[in-house]
>>> print(open('target-v5.txt').read())   # compact mmCIF, C-alpha atoms
# COMPACT_ATOMS: atom_id res chain seq x y z
CA MET A 1 25.65 4.67 -7.25
CA GLY A 2 21.89 4.55 -6.63
CA THR A 3 22.38 2.21 -3.67
CA SER A 4 24.95 4.57 -2.16
CA ARG A 5 22.61 7.52 -2.61
CA SER A 6 19.66 5.69 -1.03
CA ALA A 7 21.87 4.49 1.86
CA THR A 8 22.99 8.08 2.43
CA LYS A 9 19.38 9.25 2.32
CA GLU A 10 18.39 6.55 4.83
CA LEU A 11 21.21 7.58 7.18
CA ARG A 12 20.14 11.20 6.93
CA LEU A 13 16.52 10.30 7.64
CA ARG A 14 17.63 8.35 10.73
CA ALA A 15 19.66 11.34 11.93
CA ILE A 16 16.64 13.61 11.42
CA LEU A 17 14.38 11.15 13.27
CA ASP A 18 16.85 10.81 16.14
CA ALA A 19 17.09 14.61 16.45
CA ALA A 20 13.30 14.93 16.28
CA THR A 21 12.96 12.32 19.02
CA GLU A 22 15.40 14.17 21.28
CA LEU A 23 13.50 17.44 20.85
CA LEU A 24 10.03 15.91 21.16
CA VAL A 25 10.95 14.21 24.43
CA GLU A 26 11.68 17.64 25.88
CA LYS A 27 9.09 19.58 23.88
CA PRO A 28 6.27 17.29 22.67
CA LYS A 29 4.44 20.02 20.75
CA ALA A 30 7.51 21.28 18.85
CA SER A 31 6.65 22.55 15.39
CA LEU A 32 8.13 21.16 12.21
CA ASN A 33 10.18 24.36 11.92
CA GLU A 34 11.61 23.78 15.41
CA ILE A 35 12.34 20.16 14.57
CA ALA A 36 14.12 21.12 11.36
CA GLU A 37 16.17 23.75 13.19
CA TYR A 38 17.06 21.29 15.95
CA ALA A 39 18.13 18.73 13.33
CA GLY A 40 20.33 21.36 11.69
CA ILE A 41 18.41 21.40 8.42
CA GLY A 42 15.98 23.70 6.69
CA ILE A 43 12.25 23.13 6.69
CA ALA A 44 12.35 22.40 2.93
CA THR A 45 14.84 19.58 3.57
CA LEU A 46 12.64 18.18 6.33
CA HIS A 47 9.67 18.21 3.93
CA ARG A 48 11.69 16.14 1.43
CA TYR A 49 11.63 13.38 4.04
CA VAL A 50 8.20 13.90 5.63
CA ALA A 51 5.23 15.80 4.25
CA SER A 52 3.44 16.48 7.54
CA ARG A 53 3.70 16.21 11.31
CA GLU A 54 1.47 13.13 11.18
CA GLN A 55 3.84 11.46 8.73
CA LEU A 56 6.81 12.46 10.92
CA MET A 57 5.15 10.86 13.95
CA LEU A 58 4.53 7.67 12.00
CA GLN A 59 8.17 7.60 10.87
CA LEU A 60 9.27 8.18 14.48
CA GLY A 61 7.03 5.39 15.68
CA LEU A 62 8.28 2.99 13.05
CA ARG A 63 11.90 3.97 13.80
CA ALA A 64 11.29 3.34 17.52
CA ALA A 65 9.77 -0.04 16.71
CA GLN A 66 12.79 -0.84 14.55
CA VAL A 67 15.24 0.09 17.33
CA VAL A 68 13.28 -1.96 19.87
CA GLY A 69 13.06 -4.88 17.44
CA GLU A 70 16.81 -4.80 16.77
CA THR A 71 17.47 -4.74 20.51
CA MET A 72 15.06 -7.60 21.16
CA SER A 73 16.58 -9.70 18.38
CA ARG A 74 19.82 -9.88 20.37
CA ILE A 75 18.08 -11.61 23.28
CA PRO A 76 18.10 -15.42 22.96
CA LEU A 77 14.62 -16.73 22.27
CA ASP A 78 14.93 -20.42 23.08
CA GLU A 79 13.79 -22.88 25.72
CA GLU A 80 17.13 -22.86 27.52
CA SER A 81 17.10 -19.07 27.90
CA SER A 82 13.43 -18.78 28.78
CA GLU A 83 13.98 -18.25 32.50
CA THR A 84 16.25 -15.24 31.92
CA TYR A 85 14.39 -13.82 28.91
CA ILE A 86 12.19 -11.36 30.82
CA SER A 87 15.06 -9.91 32.86
CA GLN A 88 17.25 -9.62 29.76
CA LEU A 89 14.38 -7.99 27.89
CA VAL A 90 13.73 -5.42 30.61
CA GLU A 91 17.46 -4.68 31.03
CA ALA A 92 17.74 -4.12 27.27
CA LEU A 93 14.58 -2.04 26.81
CA VAL A 94 14.72 0.33 29.78
CA PRO A 95 17.66 2.30 28.30
CA LEU A 96 15.63 2.88 25.11
CA GLY A 97 12.95 4.80 26.98
CA ASP A 98 14.19 8.23 25.98
CA LYS A 99 13.83 7.21 22.33
CA ILE A 100 10.22 6.10 22.57
CA TYR A 101 8.76 7.69 25.69
CA PHE A 102 6.83 10.39 23.86
CA LEU A 103 5.20 7.86 21.53
CA ALA A 104 2.97 6.68 24.35
CA HIS A 105 1.51 10.17 24.40
CA GLU A 106 1.25 10.64 20.63
CA THR A 107 -2.41 9.97 19.93
CA SER A 108 -2.03 10.17 16.14
CA LEU A 109 -0.38 6.73 16.24
CA ASN A 110 -3.09 4.99 18.25
CA TYR A 111 -5.15 3.80 15.29
CA ASN A 112 -2.54 3.72 12.56
CA PRO A 113 -2.58 0.23 11.00
CA GLU A 114 1.12 0.34 10.06
CA MET A 115 2.12 1.28 13.60
CA SER A 116 -0.25 -1.32 15.09
CA ALA A 117 1.31 -4.01 12.88
CA ALA A 118 4.83 -2.96 13.91
CA GLU A 119 3.86 -3.04 17.58
CA GLU A 120 2.22 -6.44 17.22
CA LYS A 121 5.39 -7.79 15.60
CA LEU A 122 7.35 -6.59 18.65
CA LYS A 123 4.94 -8.24 21.06
CA GLU A 124 4.98 -11.67 19.40
CA PRO A 125 8.32 -12.93 20.80
CA MET A 126 7.36 -11.62 24.25
CA ARG A 127 4.01 -13.38 24.04
CA HIS A 128 5.71 -16.63 23.00
CA MET A 129 8.18 -16.49 25.88
CA ILE A 130 5.46 -15.65 28.40
CA GLN A 131 3.50 -18.70 27.23
CA THR A 132 6.67 -20.80 27.53
CA LEU A 133 7.18 -19.53 31.08
CA GLN A 134 3.56 -20.32 31.91
CA ASN A 135 3.93 -23.86 30.54
CA LYS A 136 7.07 -24.35 32.63
CA GLY A 137 5.28 -23.14 35.77
CA HIS A 138 7.28 -19.91 36.19
CA PHE A 139 4.26 -17.70 35.49
CA ARG A 140 0.72 -18.27 36.64
CA GLN A 141 -1.50 -20.16 34.25
CA ASP A 142 -4.72 -18.76 35.66
CA MET A 143 -3.91 -15.43 33.96
CA SER A 144 -3.86 -15.11 30.20
CA SER A 145 -0.54 -14.58 28.48
CA GLU A 146 -2.08 -11.49 26.90
CA TRP A 147 -2.73 -10.01 30.35
CA ILE A 148 0.83 -10.68 31.49
CA LEU A 149 2.21 -9.24 28.24
CA ASN A 150 0.16 -6.06 28.58
CA VAL A 151 1.11 -5.62 32.23
CA LEU A 152 4.79 -5.95 31.28
CA TYR A 153 4.36 -3.57 28.35
CA SER A 154 2.57 -1.05 30.55
CA LEU A 155 5.23 -1.33 33.25
CA LEU A 156 7.89 -0.51 30.67
CA PHE A 157 6.03 2.58 29.49
CA VAL A 158 5.34 3.79 33.03
CA THR A 159 8.98 3.24 33.92
CA TRP A 160 10.16 5.24 30.90
CA GLN A 161 7.81 8.02 31.94
CA GLN A 162 8.99 7.96 35.55
CA VAL A 163 12.66 8.03 34.48
CA HIS A 164 11.95 10.92 32.12
CA GLU A 165 10.17 12.87 34.86
CA GLY A 166 13.03 12.23 37.29
CA HIS A 167 11.06 10.06 39.74
CA VAL A 168 13.07 6.89 39.09
CA ALA A 169 16.81 6.66 38.55
CA LYS A 170 17.72 5.14 35.20
CA LYS A 171 20.15 2.73 36.89
CA SER A 172 17.48 1.26 39.16
CA ALA A 173 14.61 1.28 36.66
CA ALA A 174 15.04 -2.27 35.30
CA ALA A 175 15.24 -3.76 38.80
CA LEU A 176 12.09 -1.85 39.78
CA VAL A 177 10.20 -3.20 36.76
CA LEU A 178 11.26 -6.77 37.50
CA GLU A 179 10.52 -6.50 41.22
CA THR A 180 7.06 -5.08 40.47
CA LEU A 181 6.33 -7.69 37.80
CA TYR A 182 7.40 -10.66 39.89
CA HIS A 183 6.41 -9.54 43.39
CA GLY A 184 3.91 -6.71 43.06
CA PHE A 185 3.43 -4.32 45.94
CA LYS A 186 2.94 -6.77 48.76
CA ALA A 187 5.27 -6.04 51.69
CA SER A 188 7.53 -8.87 52.70
CA LYS A 189 6.99 -10.14 56.21
CA PRO A 190 9.90 -9.79 58.64
>>> encode(input="target-v5.txt", output="structure tokens")
Amino acid sequence: MGTSRSATKELRLRAILDAATELLVEKPKASLNEIAEYAGIGIATLHRYVASREQLMLQLGLRAAQVVGETMSRIPLDEESSETYISQLVEALVPLGDKIYFLAHETSLNYNPEMSAAEEKLKEPMRHMIQTLQNKGHFRQDMSSEWILNVLYSLLFVTWQQVHEGHVAKKSAAALVLETLYHGFKASKP
């Protein structure tokens, strides 16, 4: 029975975090009372799951990292798939932007060791595949894999922001990221 109760509690926490994410995307400075109301619970119930706004933000960040990690785990990470990895990654991650867009603006997470560790864990498979692509000659070797990784990561965040603000259509966002990553801004010659 204890396992069932903890599974139910975990599902409820996820529902609260998902509701909080939805609200915070639209209203980044929403109070805990507003978040509780939006989640359809009382503030006392919210406080049973998180003690403070800072703890809520950490839980949201860790939940976002979990969702991204689960999504990334479905992308083949082997030599044979290396040439399609980046496009599959971008196609899979762009739709998650509404879930994690606001985290880029949440400064309380910037120096949190738990969040930093979760983010580093997400970056490791990307870093590995970028190095593989460099070794195969698909990416430049005169740039560090860390630079390429951070440019890709930054492009994803900027794209999520642009989609959220209505400047880029969600359907064309992944193609825009890939075109920018692979070809930059240089105009093609007629």
>>> closest_residue(input="target-v5.txt", among="A:Ile35, A:Met129, A:Leu178, A:Ile41", to="Arg12 (chain A)", atoms="only C-alpha atoms")
A:Ile41
>>> residues_around(input="target-v5.txt", residues="Ile16 (chain A)", least_positions_apart="6", cutoff="10 Å", atoms="only C-alpha atoms", output="list in words")
Glu10, Glu22, Ile35, Ala36, Tyr38, Ala39, Gly40, Ile41, Leu46, Tyr49, Leu56 and Leu60 of chain A
>>> closest_residue(input="target-v5.txt", among="A:Leu17, A:Ala7, A:Val94, A:Ala44", to="Ala175 (chain A)", atoms="all atoms listed in the file")
A:Val94
>>> atom_distance(input="target-v5.txt", atom1="CA of Pro95 (chain A)", atom2="CA of Ser172 (chain A)")
10.9 Å
>>> closest_residue(input="target-v5.txt", among="A:Arg53, A:Lys9, A:His128, A:Lys136", to="Leu109 (chain A)", atoms="all atoms listed in the file")
A:Arg53
>>> atom_distance(input="target-v5.txt", atom1="CA of Glu165 (chain A)", atom2="CA of Lys29 (chain A)")
16.8 Å
>>> residues_around(input="target-v5.txt", residues="Leu155 (chain A)", least_positions_apart="5", cutoff="10 Å", atoms="all atoms listed in the file", output="list of chain:residue names")
A:Val90, A:Leu149, A:Asn150, A:Trp160, A:Gln161, A:Leu176, A:Val177, A:Leu178, A:Thr180, A:Leu181
>>> write_last_selection(input="target-v5.txt", atoms="C-alpha atoms", output="mmCIF file, in the coordinates of the input")
data_model
loop_
_atom_site.group_PDB
_atom_site.id
_atom_site.type_symbol
_atom_site.label_atom_id
_atom_site.label_comp_id
_atom_site.auth_asym_id
_atom_site.auth_seq_id
_atom_site.Cartn_x
_atom_site.Cartn_y
_atom_site.Cartn_z
ATOM 1 C CA VAL A 90 13.730 -5.420 30.610
ATOM 2 C CA LEU A 149 2.210 -9.240 28.240
ATOM 3 C CA ASN A 150 0.160 -6.060 28.580
ATOM 4 C CA TRP A 160 10.160 5.240 30.900
ATOM 5 C CA GLN A 161 7.810 8.020 31.940
ATOM 6 C CA LEU A 176 12.090 -1.850 39.780
ATOM 7 C CA VAL A 177 10.200 -3.200 36.760
ATOM 8 C CA LEU A 178 11.260 -6.770 37.500
ATOM 9 C CA THR A 180 7.060 -5.080 40.470
ATOM 10 C CA LEU A 181 6.330 -7.690 37.800
#
>>> residues_around(input="target-v5.txt", residues="Val67 (chain A)", least_positions_apart="2", cutoff="12 Å", atoms="all atoms listed in the file", output="ChimeraX atom specification")
/A:14,17-18,60-65,69-74,92-93,95-100,118-119,122
>>> atom_distance(input="target-v5.txt", atom1="CA of Ala174 (chain A)", atom2="CA of Leu24 (chain A)")
23.6 Å
>>> decode(input="target-v5.txt", residues="region 24-41 of chain A", atoms="C-alpha atoms", output="PDB file, in the first residue's frame")
ATOM      1  CA  LEU A  24       4.622  30.416 -15.202  1.00  0.00           C
ATOM      2  CA  VAL A  25       5.114  30.412 -18.965  1.00  0.00           C
ATOM      3  CA  GLU A  26       2.314  32.958 -19.217  1.00  0.00           C
ATOM      4  CA  LYS A  27       2.929  34.706 -15.901  1.00  0.00           C
ATOM      5  CA  PRO A  28       6.537  34.217 -14.721  1.00  0.00           C
ATOM      6  CA  LYS A  29       6.061  36.081 -11.438  1.00  0.00           C
ATOM      7  CA  ALA A  30       2.904  34.211 -10.382  1.00  0.00           C
ATOM      8  CA  SER A  31       2.649  33.803  -6.626  1.00  0.00           C
ATOM      9  CA  LEU A  32       2.421  30.458  -4.881  1.00  0.00           C
ATOM     10  CA  ASN A  33      -1.240  31.237  -4.167  1.00  0.00           C
ATOM     11  CA  GLU A  34      -1.873  31.788  -7.889  1.00  0.00           C
ATOM     12  CA  ILE A  35      -0.023  28.581  -8.729  1.00  0.00           C
ATOM     13  CA  ALA A  36      -2.045  26.595  -6.204  1.00  0.00           C
ATOM     14  CA  GLU A  37      -5.294  28.055  -7.534  1.00  0.00           C
ATOM     15  CA  TYR A  38      -4.283  27.314 -11.125  1.00  0.00           C
ATOM     16  CA  ALA A  39      -3.419  23.727 -10.148  1.00  0.00           C
ATOM     17  CA  GLY A  40      -6.836  23.377  -8.522  1.00  0.00           C
ATOM     18  CA  ILE A  41      -5.479  22.867  -5.023  1.00  0.00           C
TER      19      ILE A  41
END
